[in-house]
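Structure first, commentary second.
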Amino acid sequence: MRYNIHKISWTDVLSYSLASICIYCAIRAIYNLYYHPLSHFPGPSAFGTTRLPYVYHQVTGNLAATFHNLHEKYGPIVRTAPNELSFNQPDALNKIYNEQHSGCPVFPKNYDSFNETRNQISKSVFIAGDADHARMRKVINQAFSEQALRDQEPRIQDHVQSLMQQVDAEARKNAGVVDLNAWYNFAAFDMIADAALGEPFNTLKRLTYRPWINMIGKTWKAISLASAVKSMAPPVYLLRRLIPTGIFLQKEVNKFDLVLNRVKEKIAMGTGRIDLLSRVLACNDRKERMTEDEIVSNATLFVAAGTETVTTLLSALTYLITKDSRVMAKLATEIRSSFSDERSITIQNVSRLQYLTACIREALRRFPPIPEGLPRIVPPSGEWISGHWIPGGTFVQISTLATNLSISNFEAPEAFIPERWLDDKDNATCFRNDKKVASQPFSIGPRNCVGQNIAMAEMRLVMARLLWSFDLQGVVQEDWMDQPTYLLWEKKPLPIRLTRCR
Ligand code: HEM
């Protein structure tokens with residue numbers, strides 16, 4: 001039989017191509033479901049067959065809640081994509097994020113998934129490979145010392161003072177009701193931008209940069225959406241290459257230029273005021289030098305990482321205490337009875353308030369600011385995790401929300417009970433089976449949160465100052481915590497009635 005090549009039409013080519021893609025996908029799906037090395041792990045068939053359900057939940061902002069539901073149904077290990085497993089037990093936490101393994105220091109991060117937007121944090125520690133990460137973290141850790149935090153206190157206090165004045169004025173204008181989520185957002189940005197860059201943007205006092213701050217949350221969403229698309233199978237990935245990057249919110253990411261340019265100006269001016277950036281510059285005069293690009297990237301990351309996370313926690317904690325009059329009364333009593341005047345509410349003094357710290361830890365457990373897992377890759381030689389042999393190249397993660405809300409880790413996991421974090425005898429008995437180590441909102445290991453001390457200081461200070469001056473009351477019935485996630489939570493307004501109590 002002889003074919004005449006000239007007689008094959010474009011329609012034929014298209015049909016054969018589509019048929020080949022369908023056959024490829026079908027074979028791949030059967031392999032994934034029945035013959036893949038992870039096929040014996042529990043999980044819904046759809047998730048094991050293709051990555052589509054994972055990506056669907058990621059782009060619809062439903063990933064953290066879905067993983068929680070999957071763990072409830074399938075137990076401590078769930079196959080969440082053909083090549084991916086999710087865990088929710090603390091022994092896996094240590095293994096995935098902290099332990100040394102033969103031939104590699106820790107499980108490497110899935111760098112690619114965050115690098116897609118080629119944004120200004122793409123040369124920072126957040127994305128860097130292990131060797132560069134270790135070099136940069138050495139410098140950055142020194143800049144974030146206890147002494148550095150103490151040096152920043154006057155600036156942080158100034159912004160907390162502004163926050164109190166602004167919410168007070170706003171409450172007077174609006175019959176007492178204030179959207180605290182928005183004000184926390186401005187305060188978190190002002191605090192970290194000033195402490196990190198020595199740049200008092202003063203968004204609490206001025207309107208200028210407020211629209212720009214809304215963009216920070218969108219940037220994380222952009223990174224999440226772009227990584228979702230990139231993680232798809234190769235044919236779809238190729239398609240994505242044809243789509244202009246703007247569609248993936250690149251323009252939102254580019255607006256980071258505001259911070260970026262300030263950092264560049266500061267570097268050009270040299271170290272002046274003592275802030276975290278100038279400390280990085282001072283510590284950088286060693287063997288582990290960071291390039292100027294890396295310094296700029298990291299300084300931008302400090303602002304991006306330190307704004308949304310702190311805002312989330314403050315809003316969640318405010319929401320949770322306004323829902324529980326017992327906790328609210330106990331917390332207000334602790335704060336109001338511990339100080340003789342407002343000036344003694346300092347970073348050091350608030351760190352001694354045990355119930356406030358317990359409330360923050362419980363809010364971090366109940367509504368972790370980074371609720372999704374942080375994927376890592378099992379080294380080529382494979383590893384044991386939670387008693388299971390996991391082949392090299394598998395993506396693994398601890399699903400933070402699923403871990404924190406698992407009945408196998410915490411008594412009454414959905415409830416907000418700060419007492420579980422206190423050491424007194426009654427609580428120790430009630431919550432003796434809680435696996436406290438499972439709640440790691442700042443992650444663990446060499447890539448844990450570099451800003452956790454400053455975050456804790458800011459959160460304690462803001463809550464203590466707010467409850468020192470005001471009674472708080474929620475004004476809407478809807479569940480504020482029911483909201484989508486794109487790496488971080490997409491936060492709703494949080495209207496709260498403020499009544500001056502002194
Ligand atoms: C409640 C507040 C915060 C929470 C819950 C939080 C949580 C986290 C988590 C879970 C990570 C690990 C991410 C990963 O493995 O991919 C991280 C990393 C990081 N955080 Fe935070 N964070 C908070 C506040 C801050 C603040 C205020 C800063 C300010 C400097 C900051 C700076 C960073 C940086 C620079 C990293 C990257 C560290 C590295 O890769 O070595 N964070 N954070």
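Residues in the structure tokens are named by chain (A, B, ... in the order shown) and by number from 1 within that chain; ligands are numbered from 1 in the order shown.
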
Requested in this report: Around ligand 1, at most 8 Å away and counting only C-alpha atoms and all ligand atoms, which residues are there? Put them as number ranges by chain, please.
Outcome: A: 109, 124-128, 133, 137, 192, 196, 298, 301-313, 364, 368-370, 374-375, 440-444, 446-456, 459

Hey, can you spit out that residue selection with C-alpha atoms as a compact mmCIF listing (two decimals), in the first residue's frame?
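Written file, again.txt:
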# COMPACT_ATOMS: atom_id res chain seq x y z
CA LYS A 109 13.19 22.68 48.29
CA SER A 124 16.65 35.54 47.83
CA VAL A 125 17.06 32.79 50.43
CA PHE A 126 13.47 31.76 49.72
CA ILE A 127 14.44 30.43 46.30
CA ALA A 128 18.19 29.80 46.61
CA HIS A 133 21.04 29.49 50.90
CA ARG A 137 21.51 32.68 55.85
CA ILE A 192 8.75 45.62 58.90
CA ALA A 196 14.21 46.07 57.81
CA ASN A 298 16.40 39.49 50.40
CA LEU A 301 11.60 39.35 50.74
CA PHE A 302 11.71 40.60 54.36
CA VAL A 303 8.93 43.06 53.55
CA ALA A 304 6.87 40.59 51.50
CA ALA A 305 7.24 37.79 54.07
CA GLY A 306 6.75 39.97 57.11
CA THR A 307 3.63 41.88 56.07
CA GLU A 308 0.91 39.38 55.13
CA THR A 309 1.88 36.75 57.73
CA VAL A 310 1.76 39.13 60.69
CA THR A 311 -1.49 40.68 59.40
CA THR A 312 -3.08 37.22 59.14
CA LEU A 313 -2.17 36.25 62.65
CA LEU A 364 -0.95 30.19 64.92
CA PRO A 368 -1.54 29.21 60.48
CA PRO A 369 -0.55 32.23 58.31
CA ILE A 370 1.13 29.84 55.85
CA LEU A 374 6.06 23.57 51.87
CA PRO A 375 7.05 20.95 49.28
CA GLN A 440 5.31 24.62 63.60
CA PRO A 441 3.93 27.81 62.06
CA PHE A 442 7.45 29.14 61.42
CA SER A 443 8.65 25.76 60.06
CA ILE A 444 11.82 24.08 61.33
CA PRO A 446 17.78 25.53 58.13
CA ARG A 447 15.00 27.14 56.05
CA ASN A 448 12.77 28.09 58.96
CA CYS A 449 11.46 31.62 59.40
CA VAL A 450 14.26 34.10 59.93
CA GLY A 451 11.79 36.73 61.17
CA GLN A 452 10.01 34.76 63.87
CA ASN A 453 11.39 36.77 66.82
CA ILE A 454 10.48 40.08 65.27
CA ALA A 455 7.06 38.67 64.27
CA MET A 456 6.35 37.48 67.83
CA MET A 459 2.19 40.57 67.42

Requested in this report: Just the residues within 6 Å of stretch 171-181 of chain A, please, counting only C-alpha atoms, with nothing from its chain fewer than 3 positions along; format it as an NGL selection string.
Outcome: :A and (167-168 or 184 or 315 or 493-498)

Could you write out that same residue set with C-alpha atoms as a compact mmCIF listing (two decimals), in the first residue's frame?
# COMPACT_ATOMS: atom_id res chain seq x y z
CA VAL A 167 -7.97 53.13 64.78
CA ASP A 168 -9.19 55.42 67.53
CA TYR A 184 -3.16 45.59 60.81
CA SER A 315 -6.67 39.35 62.33
CA PRO A 493 -12.19 42.64 55.94
CA LEU A 494 -12.56 42.23 59.70
CA PRO A 495 -15.02 44.81 61.07
CA ILE A 496 -14.63 45.17 64.84
CA ARG A 497 -16.35 47.58 67.24
CA LEU A 498 -13.79 49.39 69.39

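Contact shell of A:Trp384 at 12 Å (only C-alpha atoms; same-chain neighbours under 2 positions omitted): Asp91, Ala92, Asn94, Lys95, Ile96, Glu99, His101, Val378, Pro379, Ser381, Gly382, Ser386, Gly387, His388, Trp389, Ile390, Pro391, Gly392, Thr394 and Val396 of chain A.
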
**Report entry** Given only C-alpha atoms as the counted atoms, nearest of A:Lys323, A:Lys492, A:Lys123, A:His159 to A:Met290
**Finding:**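 Among the listed residues, A:Lys123 lies closest to A:Met290.
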
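Between A:Gly75 and the candidates A:Gln483, A:Asn433, A:Asn62, A:Asn88, the tightest atom-to-atom separation, counting only C-alpha atoms, involves A:Asn88.
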
Requested in this report: For A:Ala268, list every protein, DNA or RNA residue within 12 Å, evaluated using only C-alpha atoms, and leave out those in the same chain fewer than 3 positions away; present the list as a VMD selection string.
Outcome: chain A and resid 261 to 265 271 to 272 278 281 292 296

Report task. Going by DSSP on the backbone, which bits of stretch 277-455 of chain A are alpha helix (DSSP H)? Write them as JSON, numbers by chain, please. Result -> {"A": [277, 278, 279, 280, 281, 282, 283, 292, 293, 294, 295, 296, 297, 298, 299, 300, 301, 302, 303, 304, 305, 306, 307, 308, 309, 310, 311, 312, 313, 314, 315, 316, 317, 318, 319, 320, 321, 322, 325, 326, 327, 328, 329, 330, 331, 332, 333, 334, 335, 336, 337, 338, 347, 348, 349, 350, 354, 355, 356, 357, 358, 359, 360, 361, 362, 363, 364, 365, 366, 400, 401, 402, 403, 404, 425, 426, 427, 428, 429, 430, 452, 453, 454, 455]}
